[in-house]
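Contents: one structure, followed by commentary.
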Amino acid sequence: MMEYKGYMATVEFDESVGRLHGKVVNSGAYPIATFEATDVEGILREFHRSIDEYIDSCREDGVEPRKPFSGKLHVRLGPDLHQRVARAAAASGLSLNGWIMQTLEKSVSVP
């Protein structure tokens, strides 16, 4: 995974053409940029160039660039799990949002 100005991208190698293909993965349902190169230095350069061009293009068009992460996450739990999570949050003395944030933070913390 690569990161530049808050945007993250994945890269895959296409052996059939000997090229690296990258795409931004944290900008919504559709990637704001895809890019390719034949080597690591090139893929990094093309990723940075793609993001810079995207931001410049948005500025020129007077539109707000898609944010890498909004901080909002909509999750469908199902009624049973929703009830159990709400109970766990109440038992911990936390709001539902606070409990979920705390639980997620614990699960992604690096030891």
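By order in the structure tokens, chains are A, B, ...; within a chain, residues start at 1; ligands start at 1, following the order shown.
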Each residue of segment 17-82 of chain A lying at most 12 Å from segment 93-98 of chain A should get a row with its shortest atom-to-atom pair and the distance in Å to one decimal, counting only C-alpha atoms; could you produce that, ordered by chain and increasing number, as a tab-separated table?
residue	atom	partner	partner_atom	distance
A:Lys72	CA	A:Asn97	CA	10.8
A:Leu73	CA	A:Asn97	CA	10.5
A:His74	CA	A:Asn97	CA	11.3
A:Val75	CA	A:Asn97	CA	11.5
A:His82	CA	A:Leu96	CA	9.5
Problem - Residue neighbourhood Ile51 of chain A, 10 Å, only C-alpha atoms, exclusion window fewer than 6 positions, as a ChimeraX atom specification - result: /A:4-7,24,32-35,57
Prev. selection, all heavy atoms, output as an mmCIF file, in the first residue's frame:
data_model
loop_
_atom_site.group_PDB
_atom_site.id
_atom_site.type_symbol
_atom_site.label_atom_id
_atom_site.label_comp_id
_atom_site.auth_asym_id
_atom_site.auth_seq_id
_atom_site.Cartn_x
_atom_site.Cartn_y
_atom_site.Cartn_z
ATOM 1 N N TYR A 4 -0.029 9.019 -0.231
ATOM 2 C CA TYR A 4 0.446 10.337 -0.640
ATOM 3 C C TYR A 4 -0.692 11.331 -0.442
ATOM 4 O O TYR A 4 -1.792 11.130 -0.967
ATOM 5 C CB TYR A 4 0.891 10.306 -2.101
ATOM 6 C CG TYR A 4 1.384 11.627 -2.652
ATOM 7 C CD1 TYR A 4 2.544 12.223 -2.155
ATOM 8 C CD2 TYR A 4 0.708 12.261 -3.684
ATOM 9 C CE1 TYR A 4 3.004 13.425 -2.676
ATOM 10 C CE2 TYR A 4 1.168 13.461 -4.206
ATOM 11 C CZ TYR A 4 2.315 14.037 -3.700
ATOM 12 O OH TYR A 4 2.777 15.229 -4.212
ATOM 13 N N LYS A 5 -0.445 12.363 0.348
ATOM 14 C CA LYS A 5 -1.431 13.406 0.642
ATOM 15 C C LYS A 5 -2.743 12.829 1.170
ATOM 16 O O LYS A 5 -3.818 13.336 0.893
ATOM 17 C CB LYS A 5 -1.680 14.274 -0.589
ATOM 18 C CG LYS A 5 -0.462 15.073 -1.006
ATOM 19 C CD LYS A 5 -0.767 16.041 -2.116
ATOM 20 C CE LYS A 5 0.489 16.859 -2.436
ATOM 21 N NZ LYS A 5 0.270 17.806 -3.518
ATOM 22 N N GLY A 6 -2.629 11.740 1.926
ATOM 23 C CA GLY A 6 -3.806 11.112 2.514
ATOM 24 C C GLY A 6 -4.487 10.092 1.627
ATOM 25 O O GLY A 6 -5.339 9.336 2.081
ATOM 26 N N TYR A 7 -4.134 10.034 0.356
ATOM 27 C CA TYR A 7 -4.715 9.057 -0.563
ATOM 28 C C TYR A 7 -3.875 7.790 -0.527
ATOM 29 O O TYR A 7 -2.652 7.850 -0.469
ATOM 30 C CB TYR A 7 -4.780 9.614 -1.989
ATOM 31 C CG TYR A 7 -5.730 10.774 -2.110
ATOM 32 C CD1 TYR A 7 -5.273 12.087 -1.986
ATOM 33 C CD2 TYR A 7 -7.084 10.558 -2.322
ATOM 34 C CE1 TYR A 7 -6.147 13.157 -2.084
ATOM 35 C CE2 TYR A 7 -7.957 11.629 -2.408
ATOM 36 C CZ TYR A 7 -7.488 12.919 -2.292
ATOM 37 O OH TYR A 7 -8.354 13.976 -2.375
ATOM 38 N N VAL A 24 -6.062 4.279 -6.738
ATOM 39 C CA VAL A 24 -6.394 4.868 -5.442
ATOM 40 C C VAL A 24 -7.579 4.098 -4.879
ATOM 41 O O VAL A 24 -8.554 3.843 -5.591
ATOM 42 C CB VAL A 24 -6.719 6.368 -5.593
ATOM 43 C CG1 VAL A 24 -7.215 6.952 -4.282
ATOM 44 C CG2 VAL A 24 -5.485 7.118 -6.073
ATOM 45 N N ILE A 32 -10.273 7.652 -7.957
ATOM 46 C CA ILE A 32 -10.061 8.952 -8.579
ATOM 47 C C ILE A 32 -8.878 8.918 -9.519
ATOM 48 O O ILE A 32 -8.739 9.786 -10.372
ATOM 49 C CB ILE A 32 -9.844 10.060 -7.525
ATOM 50 C CG1 ILE A 32 -8.635 9.740 -6.650
ATOM 51 C CG2 ILE A 32 -11.099 10.301 -6.724
ATOM 52 C CD1 ILE A 32 -8.138 10.906 -5.852
ATOM 53 N N ALA A 33 -8.029 7.905 -9.388
ATOM 54 C CA ALA A 33 -6.853 7.824 -10.238
ATOM 55 C C ALA A 33 -6.396 6.389 -10.395
ATOM 56 O O ALA A 33 -6.452 5.608 -9.450
ATOM 57 C CB ALA A 33 -5.720 8.664 -9.644
ATOM 58 N N THR A 34 -5.971 6.070 -11.597
ATOM 59 C CA THR A 34 -5.260 4.828 -11.867
ATOM 60 C C THR A 34 -3.973 5.243 -12.572
ATOM 61 O O THR A 34 -3.891 6.312 -13.181
ATOM 62 C CB THR A 34 -6.069 3.867 -12.755
ATOM 63 O OG1 THR A 34 -6.373 4.510 -13.989
ATOM 64 C CG2 THR A 34 -7.354 3.431 -12.055
ATOM 65 N N PHE A 35 -2.965 4.401 -12.490
ATOM 66 C CA PHE A 35 -1.661 4.766 -13.037
ATOM 67 C C PHE A 35 -0.863 3.495 -13.260
ATOM 68 O O PHE A 35 -1.203 2.437 -12.724
ATOM 69 C CB PHE A 35 -0.926 5.721 -12.083
ATOM 70 C CG PHE A 35 -0.999 5.308 -10.642
ATOM 71 C CD1 PHE A 35 0.015 4.545 -10.080
ATOM 72 C CD2 PHE A 35 -2.090 5.641 -9.857
ATOM 73 C CE1 PHE A 35 -0.064 4.132 -8.763
ATOM 74 C CE2 PHE A 35 -2.172 5.241 -8.533
ATOM 75 C CZ PHE A 35 -1.159 4.479 -7.982
ATOM 76 N N SER A 57 -6.831 19.645 -11.052
ATOM 77 C CA SER A 57 -8.010 19.638 -11.911
ATOM 78 C C SER A 57 -9.257 20.060 -11.129
ATOM 79 O O SER A 57 -10.076 20.833 -11.627
ATOM 80 C CB SER A 57 -8.207 18.240 -12.507
ATOM 81 O OG SER A 57 -9.403 18.170 -13.228
#
Exercise for the section: Would you mind writing down, as a count of residues only, each residue of chain A that DSSP on the backbone assigns to strand (DSSP E)? Expected result: 21
Handout entry: Polymer residues at most 12 Å from Glu46 of chain A, only C-alpha atoms, same-chain spacing of 2 or more positions, as a PyMOL selection string
Key = chain A and resi 2+4+9+11+20-24+33-44+48-54
Give me a file of those residues, with N, CA, C and O atoms, as a tab-separated table (two decimals), in the first residue's frame.
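For reference, selection-v4.tsv as written:
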chain	number	residue	atom	x	y	z
A	2	MET	N	0.52	2.20	-0.81
A	2	MET	CA	1.25	3.47	-0.89
A	2	MET	C	0.34	4.59	-0.39
A	2	MET	O	-0.88	4.49	-0.53
A	4	TYR	N	-0.03	9.02	-0.23
A	4	TYR	CA	0.45	10.34	-0.64
A	4	TYR	C	-0.69	11.33	-0.44
A	4	TYR	O	-1.79	11.13	-0.97
A	9	ALA	N	-3.10	3.87	-2.24
A	9	ALA	CA	-3.22	3.13	-3.49
A	9	ALA	C	-2.64	1.73	-3.34
A	9	ALA	O	-1.73	1.51	-2.54
A	11	VAL	N	-1.11	-1.61	-5.64
A	11	VAL	CA	-0.39	-1.86	-6.89
A	11	VAL	C	-0.41	-3.36	-7.16
A	11	VAL	O	-0.21	-4.16	-6.26
A	20	LEU	N	3.41	-2.54	-13.80
A	20	LEU	CA	2.75	-2.35	-12.51
A	20	LEU	C	1.54	-1.45	-12.75
A	20	LEU	O	1.63	-0.44	-13.45
A	21	HIS	N	0.40	-1.83	-12.17
A	21	HIS	CA	-0.83	-1.04	-12.28
A	21	HIS	C	-1.26	-0.64	-10.88
A	21	HIS	O	-1.37	-1.49	-10.00
A	22	GLY	N	-1.54	0.63	-10.68
A	22	GLY	CA	-1.97	1.12	-9.38
A	22	GLY	C	-3.31	1.81	-9.47
A	22	GLY	O	-3.73	2.28	-10.53
A	23	LYS	N	-4.02	1.84	-8.32
A	23	LYS	CA	-5.28	2.59	-8.25
A	23	LYS	C	-5.48	3.10	-6.83
A	23	LYS	O	-5.10	2.44	-5.86
A	24	VAL	N	-6.06	4.28	-6.74
A	24	VAL	CA	-6.39	4.87	-5.44
A	24	VAL	C	-7.58	4.10	-4.88
A	24	VAL	O	-8.55	3.84	-5.59
A	33	ALA	N	-8.03	7.90	-9.39
A	33	ALA	CA	-6.85	7.82	-10.24
A	33	ALA	C	-6.40	6.39	-10.39
A	33	ALA	O	-6.45	5.61	-9.45
A	34	THR	N	-5.97	6.07	-11.60
A	34	THR	CA	-5.26	4.83	-11.87
A	34	THR	C	-3.97	5.24	-12.57
A	34	THR	O	-3.89	6.31	-13.18
A	35	PHE	N	-2.97	4.40	-12.49
A	35	PHE	CA	-1.66	4.77	-13.04
A	35	PHE	C	-0.86	3.49	-13.26
A	35	PHE	O	-1.20	2.44	-12.72
A	36	GLU	N	0.17	3.59	-14.07
A	36	GLU	CA	1.00	2.41	-14.33
A	36	GLU	C	2.44	2.82	-14.63
A	36	GLU	O	2.72	3.97	-14.97
A	37	ALA	N	3.32	1.85	-14.48
A	37	ALA	CA	4.74	2.05	-14.75
A	37	ALA	C	5.40	0.67	-14.85
A	37	ALA	O	4.76	-0.35	-14.61
A	38	THR	N	6.68	0.68	-15.16
A	38	THR	CA	7.41	-0.59	-15.30
A	38	THR	C	8.31	-0.90	-14.11
A	38	THR	O	8.83	-2.00	-14.01
A	39	ASP	N	8.49	0.10	-13.20
A	39	ASP	CA	9.36	-0.15	-12.05
A	39	ASP	C	8.82	0.60	-10.82
A	39	ASP	O	7.89	1.39	-10.92
A	40	VAL	N	9.43	0.32	-9.69
A	40	VAL	CA	8.97	0.88	-8.42
A	40	VAL	C	9.09	2.40	-8.41
A	40	VAL	O	8.14	3.09	-8.02
A	41	GLU	N	10.21	2.92	-8.83
A	41	GLU	CA	10.37	4.38	-8.85
A	41	GLU	C	9.32	5.02	-9.74
A	41	GLU	O	8.75	6.06	-9.41
A	42	GLY	N	9.06	4.39	-10.88
A	42	GLY	CA	8.07	4.92	-11.82
A	42	GLY	C	6.67	4.89	-11.26
A	42	GLY	O	5.90	5.84	-11.45
A	43	ILE	N	6.31	3.82	-10.57
A	43	ILE	CA	4.94	3.73	-10.05
A	43	ILE	C	4.73	4.76	-8.94
A	43	ILE	O	3.66	5.36	-8.85
A	44	LEU	N	5.74	5.00	-8.13
A	44	LEU	CA	5.64	6.05	-7.10
A	44	LEU	C	5.50	7.43	-7.75
A	44	LEU	O	4.65	8.23	-7.35
A	48	HIS	N	2.12	9.89	-7.44
A	48	HIS	CA	2.19	11.28	-6.98
A	48	HIS	C	1.68	12.23	-8.06
A	48	HIS	O	0.90	13.15	-7.78
A	49	ARG	N	2.09	12.00	-9.29
A	49	ARG	CA	1.66	12.85	-10.40
A	49	ARG	C	0.14	12.78	-10.57
A	49	ARG	O	-0.53	13.81	-10.75
A	50	SER	N	-0.43	11.58	-10.47
A	50	SER	CA	-1.87	11.41	-10.63
A	50	SER	C	-2.65	12.16	-9.56
A	50	SER	O	-3.65	12.81	-9.85
A	51	ILE	N	-2.19	12.07	-8.32
A	51	ILE	CA	-2.87	12.78	-7.22
A	51	ILE	C	-2.74	14.28	-7.40
A	51	ILE	O	-3.72	15.03	-7.27
A	52	ASP	N	-1.55	14.75	-7.71
A	52	ASP	CA	-1.35	16.19	-7.91
A	52	ASP	C	-2.22	16.71	-9.06
A	52	ASP	O	-2.83	17.78	-8.96
A	53	GLU	N	-2.30	15.95	-10.16
A	53	GLU	CA	-3.13	16.36	-11.29
A	53	GLU	C	-4.61	16.36	-10.92
A	53	GLU	O	-5.36	17.24	-11.34
A	54	TYR	N	-5.03	15.37	-10.14
A	54	TYR	CA	-6.43	15.31	-9.70
A	54	TYR	C	-6.77	16.54	-8.87
A	54	TYR	O	-7.78	17.21	-9.11
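Across the model, the gap from atom CA of Gly71 of chain A to atom CA of Cys58 of chain A is 21.3 Å.
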Problem - In segment 10-109 of chain A, DSSP alpha helix (DSSP H) residues written as number ranges by chain - result: A: 40-61, 79-91, 96-108
Problem - Surrounding residues of segment 99-103 of chain A excluding itself and chain neighbours under 5 positions, 9 Å, only C-alpha atoms, as a VMD selection string - result: chain A and resid 85 to 86 88 to 90 92 to 94 108
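Distance-wise, atom CA of Pro65 of chain A and atom CA of Tyr30 of chain A end up 13.2 Å apart.
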Practice task
For atom CA of Asn26 of chain A and atom CA of Gly78 of chain A, quote the distance in Å rounded to one decimal.
Solution key: 25.4 Å
